[in-house]
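Heads up: the structure comes next, in structure tokens.
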Amino acid sequence: MKLFVNGKEIEVPAAAMEKRIVEFLREDLDLTGAKNACDVGACGACTILVNDEPCRICIKLVKDFGGQRILTIEGLAAPDGTLHPLQQAFVDRGAIQCGFCTPGMVLTAHAFLLQNPRPTREQIRHAIFKNLCRCTGYQQIIDAIEQAAPHYRSVASGISADVEDGILPSGMASDISKRSKLATASPPGRMPGSPAGRRPAAT
Amino acid sequence: MPELDKKSWRNDAYAKVTGRAKFTDDLKFANLLHAAPVYSECVHAKLIAITTDEAEKLPGVIRVLTAKDVPGANRFGQIIQDFRIFADDKIRYHGDVVAIVVAETREIAIHAAPLVKVSAEPLPAVLDPEAAMLPGAPLVHEDHGTNVVNTHVVRRGNVDEGFKQADFIIEETFQTQTIEHAYMETEAAVCVPRSTDGVIEVYGSMQHPFSTRRFVAACLGVALSEIEVIGTPMGGGFGGKDDTAAIVCARAALAAKLLNRPVKMVYRRDWSMRESYKRHPYRVQYKMGVTKTGLITAVQCRIVADGGAYCSVTPWVTWRSTVQCCGPYVVENVHCDTFGVYTNNVVAGAMRGFGSPQMNFVIEQMVEIAAQRAGISGIEFRRRNLVRQGSVTITGQRLAGHTVAMEQALDTVLREINYEGKLANCAHGNGSGELYGIGLAMSYRGVSLGGEGVDFCAAIINAQADGSIFLEVGVHENGQGSESAMSLLLAEELGVDLERIRYRRSSTSNIPDSGTTVASRGTIMGGGAVTLAARELKGKIAGAFCGKLGCKAEEVRFKDNFVCGRSDSDRIAFGDAMRQMWQMQQFPFAFGVFKAPRVTWDEHTGQGDAYFTWVYGCQAVELTVNKKSGKVKLLNAVAAHDVGRAVNPEMVRGQIYGGMAMSAGYALHEEVKAPDGRITTLNLNTYRIPRSMDLPEMKAIIIENPDPVSPTGAKSIGEPANEILAPAIANAIFNATGQRHLSLPIRLGALPEPTTCGEGGK
């Protein structure tokens, strides 16, 4: 069986088929961004995207994902390490505290903005309501998602956010081909050398 | 650096937003073993025997460890050494661990745990703290002689006289519930025996590396230098990653030491919920005497805190409750008796707020009840009684030396939310559909540990020959952005770019024990140490270059990555200066220590200068209550807090939002349920923390009155933000429904018809 993880084809060993997929990703592929925090699908810390849809993987097995396209948090930034504009917005808006919910939260927001690049704050609030965060009260997370939305509109329409903002006809955003382009593009975010984005953890 | 970046900068943001940050469970080591805890089903029982054979026979199980395997101290505690690494004489609560199973995989360890058989003789359990204090109650700790862990008092003035001066007296009894920290990351430890020197390296999710080291070393019976606790990103603490987190590390370290292999112990959520300590439930009987002009003449209160099975920090939590038992109001006559009590319930210990959320829920409703009786608004009542510059607190402390910003915080919130304008719109139970209400609460809070104990902190700055700089501070990164705040302060003090500064991965083997990162003390204590170290370093650099710069040492300035003389043209690039110092055989190295100013406390009278400075905050909330369902919807919330100075404003706001959210959960949703001493709310699907849809848009206003006792001017925000939204919600619900709720969490059913406006039901 094959999986497509962050753009790479992965051949799953037979012995791993019955594993929980969260353990397969974390242990076998060393993609530890998805966190185990409840083991019952209640908190969203393990969220990844499967064919652009958020999926809680702590309760799912590897064999359920044959041939599926998986995006983990490790696959969202550009290959050179440049943050995706959504990630950059999380950094800019102070949306990160302890960081344990962050990967699942960012991916949930990413899937949501692919579907709805012109959301109201109430819609954003609704989109993340299954992802628990104990640090932030969600306020700055919602700020960040709101900040990133114009990027999704601009990529969907192929023109810059500043020009596009307010012009894009509704419905265009749901164009499938553009959505898929958006999901896989490496858009120009702030370079990793910039002050807010660069520093690796102190660890 | 652009201003926007500095306002939200975090050294760990990139790693956390890309999934690269390695939390404890993400760490991998060769030959890793896994451990799982073994519990008994008892709540209170005499331990007879633990049978491990069957579990140890299971393939993959390496060993089962119990109290008899502990070479050092099995009992520990920050105040009373009654906490057990493993139960050794009795089971005192449902979360007591009798053994751990160590196995080749986590699955095997979990599978084997139920095979460990615990033989125990049940004892009568005591679950009600009032009953626990009665003569003849079963004793939780026989050697303590009583179930009363501790008492505190305040004796000020003469309450009998005070009540005589009152025109009316209000008496109410309040009850708060047990709540869980619900940090997203559960307790976790990986302990690794270092082959070179036998030191046990401890990686774990804890907010007190030094107490962890103390407990691990004591458990193993080795010197402090034999244990190295290494800083690891932590997925939330909120006061909850102290004792239990340290025990988990001690158990994993014991296994690592005995088996000479790395051992990982990551708590499953149900273990964490079952075993970890909680916020104390309080019962508070409160009597307030008030004149018809709305002045408080006396307060008498009796506070009973259920500490659960072990002491933990109950004496300290209840001390803060005692010191702050009248809120930010001047009361001349006070008689307060506080009891921390052992029961067979889950242990209660430190949680964000530390004894203040319970008391503020009481006080901020009492003042509204009193105002209503006096026929004045709650705001006017507060103004007539609140602390101002030079006021004397109920413990006899004169509030001076810092800006007493209580009224400033109140006015800021009133203005921002248009409180008094909206008050007229409150439904008071009248009308149908959604009933509108607005409510408010305020508090003051003593900063840092106060009379709880030793309070000082160290920082090390080590500039390198190329101008890059290592910083390490004795406070811990709990997820709040401590490392970033410390780095920002250093960059500002040295006039250098943040990029030069590398915050060292913390290690208990490198920096002196600077206490625990609790009590909202991180920024004030750590920042103080950084500033003092930076000043020492600047003195060394100035001494080395004042000759070259043609000025006196005290005239040397540090700005824009240069060491400057009197004029900006007399300057040496910071990197060049560091290289030259090395050539001059001088180390640009500094060690700074900030010691908290002296506090005083008389345990017999409850009088003294309890804290060296105070912070002030106010929060208001608008909501509706659905008359048919009783469902509460929060519409809007505003907070204003004097933090002294905001080092990282986005992070300060984040603390405020997060604190308000947690307080909303305390008011409306959260409750650890344990009908017979056994917790039934064991996961995040049954223990309900606020979700995004439960919360309103929030506004956080930062008030800055730099505090002269703080070298940086900065004070605190973590806990002040988390202690007043619950009473604000209770007050808003009253204004919406006419119902007064004196117990937490607030449970509203369908509202009665008709409701009499202004009469408090219960």
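Residue numbering restarts at 1 for every chain of the structure tokens, chains are lettered A, B, ... in their displayed order, and ligands are numbered from 1 as they appear.
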Checklist entry - So which bits of stretch 106-240 of chain B end up helix (DSSP H, G or I) when you DSSP the backbone, as a count of residues only? => result 39
Residues of chain B within 7 Å of chain A, counting only C-alpha atoms - could you list those as an mmCIF file with C-alpha atoms, in the first residue's frame?
data_model
loop_
_atom_site.group_PDB
_atom_site.id
_atom_site.type_symbol
_atom_site.label_atom_id
_atom_site.label_comp_id
_atom_site.auth_asym_id
_atom_site.auth_seq_id
_atom_site.Cartn_x
_atom_site.Cartn_y
_atom_site.Cartn_z
ATOM 1 C CA ASP B 5 8.181 41.934 14.787
ATOM 2 C CA SER B 8 5.095 39.613 18.766
ATOM 3 C CA TRP B 9 8.558 38.083 18.545
ATOM 4 C CA ASN B 11 12.333 32.612 19.598
ATOM 5 C CA ASP B 12 10.333 29.381 19.341
ATOM 6 C CA ALA B 13 7.580 30.484 16.955
ATOM 7 C CA TYR B 14 9.191 29.099 13.813
ATOM 8 C CA ALA B 15 9.816 25.695 15.351
ATOM 9 C CA LYS B 16 6.309 25.498 16.785
ATOM 10 C CA VAL B 17 4.461 26.599 13.662
ATOM 11 C CA THR B 18 6.358 24.161 11.450
ATOM 12 C CA GLY B 19 6.031 21.155 13.751
ATOM 13 C CA ARG B 20 9.775 21.035 14.321
ATOM 14 C CA ALA B 21 9.602 21.830 18.027
ATOM 15 C CA ASP B 26 8.729 13.608 20.239
ATOM 16 C CA TYR B 183 -2.801 21.513 29.493
ATOM 17 C CA MET B 184 -2.843 20.152 25.941
ATOM 18 C CA GLU B 185 0.298 18.123 26.584
ATOM 19 C CA THR B 186 -0.041 15.589 29.370
ATOM 20 C CA THR B 232 12.167 20.867 26.733
ATOM 21 C CA MET B 234 6.220 22.323 27.274
ATOM 22 C CA GLY B 235 2.659 22.038 26.068
ATOM 23 C CA GLY B 236 1.044 24.147 28.750
ATOM 24 C CA ARG B 269 -5.080 11.695 29.198
ATOM 25 C CA ASN B 478 6.193 27.258 30.035
ATOM 26 C CA GLY B 479 4.845 28.224 26.633
ATOM 27 C CA GLN B 480 4.151 31.781 27.742
ATOM 28 C CA GLY B 481 7.111 33.230 25.831
ATOM 29 C CA TYR B 503 18.760 31.779 24.427
ATOM 30 C CA ARG B 504 20.576 28.738 25.739
ATOM 31 C CA ARG B 505 18.725 25.511 26.180
ATOM 32 C CA GLU B 650 1.233 40.538 21.778
ATOM 33 C CA MET B 651 2.272 37.963 24.357
ATOM 34 C CA GLY B 654 -2.274 36.479 24.645
ATOM 35 C CA GLN B 655 -2.016 35.935 28.394
ATOM 36 C CA TYR B 657 -7.188 36.367 26.297
ATOM 37 C CA GLY B 658 -6.144 32.941 27.495
ATOM 38 C CA ALA B 661 -11.037 32.004 28.322
ATOM 39 C CA ASN B 683 -10.859 12.980 28.949
ATOM 40 C CA LEU B 684 -11.425 16.113 26.922
ATOM 41 C CA ASN B 685 -14.728 14.792 25.587
ATOM 42 C CA ARG B 691 -13.972 25.916 22.514
ATOM 43 C CA SER B 692 -13.754 28.798 20.096
ATOM 44 C CA MET B 693 -17.539 28.916 19.754
ATOM 45 C CA GLU B 697 -14.545 38.527 20.829
ATOM 46 C CA MET B 698 -12.230 39.856 23.503
#
Checklist entry - Running DSSP on the backbone, which parts of stretch 459-685 of chain B land in strand (DSSP E or B), as a PyMOL selection string? => result chain B and resi 459-463+469-473+501-503+507+557-559+562-564+571-573+589-595+602+607+614-626+632-642
Next on the checklist: as a PyMOL selection string, please: the residues near B:Val362 (cut-off 8 Å, only C-alpha atoms, same-chain neighbours under 6 positions excluded).
Outcome noted: chain B and resi 174+284+286+727+742
Store the residues picked out above in a file with C-alpha atoms, as a PDB file, in the first residue's frame.
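Everything below was put into selection.pdb:
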ATOM      1  CA  PHE B 174     -20.292  30.181  48.254  1.00  0.00           C
ATOM      2  CA  VAL B 284     -16.579  30.228  51.750  1.00  0.00           C
ATOM      3  CA  TYR B 286     -18.786  35.407  54.010  1.00  0.00           C
ATOM      4  CA  PRO B 727     -17.427  36.693  38.859  1.00  0.00           C
ATOM      5  CA  LEU B 742     -23.183  31.383  44.452  1.00  0.00           C
TER       6      LEU B 742
END
Next on the checklist: Report as a PyMOL selection string all protein, DNA and RNA residues lying within 12 Å of B:Asp143, evaluated on only C-alpha atoms, omitting residues in the same chain fewer than 5 positions from it.
Outcome noted: chain B and resi 80-82+89+149
Grab the residues selected above and save them as a PDB file, in the first residue's frame with C-alpha atoms.
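Below you can see selection_14.pdb, which holds the result:
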ATOM      1  CA  ILE B  80       5.120  18.481  53.973  1.00  0.00           C
ATOM      2  CA  GLN B  81       6.855  15.375  52.667  1.00  0.00           C
ATOM      3  CA  ASP B  82       3.708  13.289  52.372  1.00  0.00           C
ATOM      4  CA  ASP B  89       1.369   2.261  53.328  1.00  0.00           C
ATOM      5  CA  VAL B 149      -3.348  20.583  56.773  1.00  0.00           C
TER       6      VAL B 149
END
Next on the checklist: as a ChimeraX atom specification, please: the residues near B:Pro71 (cut-off 9 Å, only C-alpha atoms, same-chain neighbours under 4 positions excluded).
Outcome noted: /B:67,218-221,254
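Going from atom CA of B:Val148 to atom CA of B:Leu682 covers 28.3 Å.
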Item to check | Long-range neighbours of stretch 355-357 of chain B as an MDAnalysis selection string, 10 Å cut-off, only C-alpha atoms, 2 positions minimum in chain | outcome: chainID B and resid 176 279:282 305 314 316:325 327 349:353 359:362 443:445 663 666 719:720 722:727
Checklist entry - What's the 6 Å shell around stretch 58-69 of chain A, counting only C-alpha atoms, without same-chain residues fewer than 5 positions away, as a list of chain:residue names? => result A:Met1, A:Lys2, A:Leu3, A:Phe4, A:Met17, A:Glu18, A:Lys19, A:Arg20, A:Ile21, A:Val22, A:Asp39, A:Val50, A:Asn51
Residues of the last selection are to be written out with N, CA and C atoms, as a PDB file, in the first residue's frame.
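Saved file part12.pdb follows:
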ATOM      1  N   MET A   1       0.831  -1.196   0.000  1.00  0.00           N
ATOM      2  CA  MET A   1       0.000   0.000   0.000  1.00  0.00           C
ATOM      3  C   MET A   1       0.873   1.257   0.000  1.00  0.00           C
ATOM      4  N   LYS A   2       0.376   2.264  -0.718  1.00  0.00           N
ATOM      5  CA  LYS A   2       1.128   3.520  -0.788  1.00  0.00           C
ATOM      6  C   LYS A   2       0.366   4.639  -0.095  1.00  0.00           C
ATOM      7  N   LEU A   3       1.148   5.558   0.472  1.00  0.00           N
ATOM      8  CA  LEU A   3       0.597   6.819   0.968  1.00  0.00           C
ATOM      9  C   LEU A   3       1.345   7.937   0.264  1.00  0.00           C
ATOM     10  N   PHE A   4       0.695   9.069   0.102  1.00  0.00           N
ATOM     11  CA  PHE A   4       1.390  10.236  -0.433  1.00  0.00           C
ATOM     12  C   PHE A   4       1.458  11.278   0.680  1.00  0.00           C
ATOM     13  N   MET A  17       0.441  -1.794   8.782  1.00  0.00           N
ATOM     14  CA  MET A  17      -0.923  -1.531   8.337  1.00  0.00           C
ATOM     15  C   MET A  17      -1.912  -1.365   9.488  1.00  0.00           C
ATOM     16  N   GLU A  18      -1.725  -2.121  10.555  1.00  0.00           N
ATOM     17  CA  GLU A  18      -2.679  -2.091  11.671  1.00  0.00           C
ATOM     18  C   GLU A  18      -2.328  -1.043  12.720  1.00  0.00           C
ATOM     19  N   LYS A  19      -1.246  -0.327  12.473  1.00  0.00           N
ATOM     20  CA  LYS A  19      -0.855   0.714  13.432  1.00  0.00           C
ATOM     21  C   LYS A  19      -1.810   1.882  13.361  1.00  0.00           C
ATOM     22  N   ARG A  20      -1.904   2.626  14.434  1.00  0.00           N
ATOM     23  CA  ARG A  20      -2.612   3.901  14.334  1.00  0.00           C
ATOM     24  C   ARG A  20      -1.764   4.813  13.446  1.00  0.00           C
ATOM     25  N   ILE A  21      -2.427   5.535  12.569  1.00  0.00           N
ATOM     26  CA  ILE A  21      -1.677   6.337  11.615  1.00  0.00           C
ATOM     27  C   ILE A  21      -0.874   7.427  12.324  1.00  0.00           C
ATOM     28  N   VAL A  22      -1.396   7.910  13.453  1.00  0.00           N
ATOM     29  CA  VAL A  22      -0.650   8.950  14.167  1.00  0.00           C
ATOM     30  C   VAL A  22       0.697   8.400  14.636  1.00  0.00           C
ATOM     31  N   ASP A  39      -6.307  10.822  22.428  1.00  0.00           N
ATOM     32  CA  ASP A  39      -6.498   9.451  21.924  1.00  0.00           C
ATOM     33  C   ASP A  39      -7.948   9.108  21.606  1.00  0.00           C
ATOM     34  N   VAL A  50      -6.175  15.196   4.809  1.00  0.00           N
ATOM     35  CA  VAL A  50      -6.250  14.072   3.880  1.00  0.00           C
ATOM     36  C   VAL A  50      -7.049  14.563   2.681  1.00  0.00           C
ATOM     37  N   ASN A  51      -6.387  14.638   1.556  1.00  0.00           N
ATOM     38  CA  ASN A  51      -7.003  15.227   0.347  1.00  0.00           C
ATOM     39  C   ASN A  51      -7.625  16.585   0.672  1.00  0.00           C
TER      40      ASN A  51
END
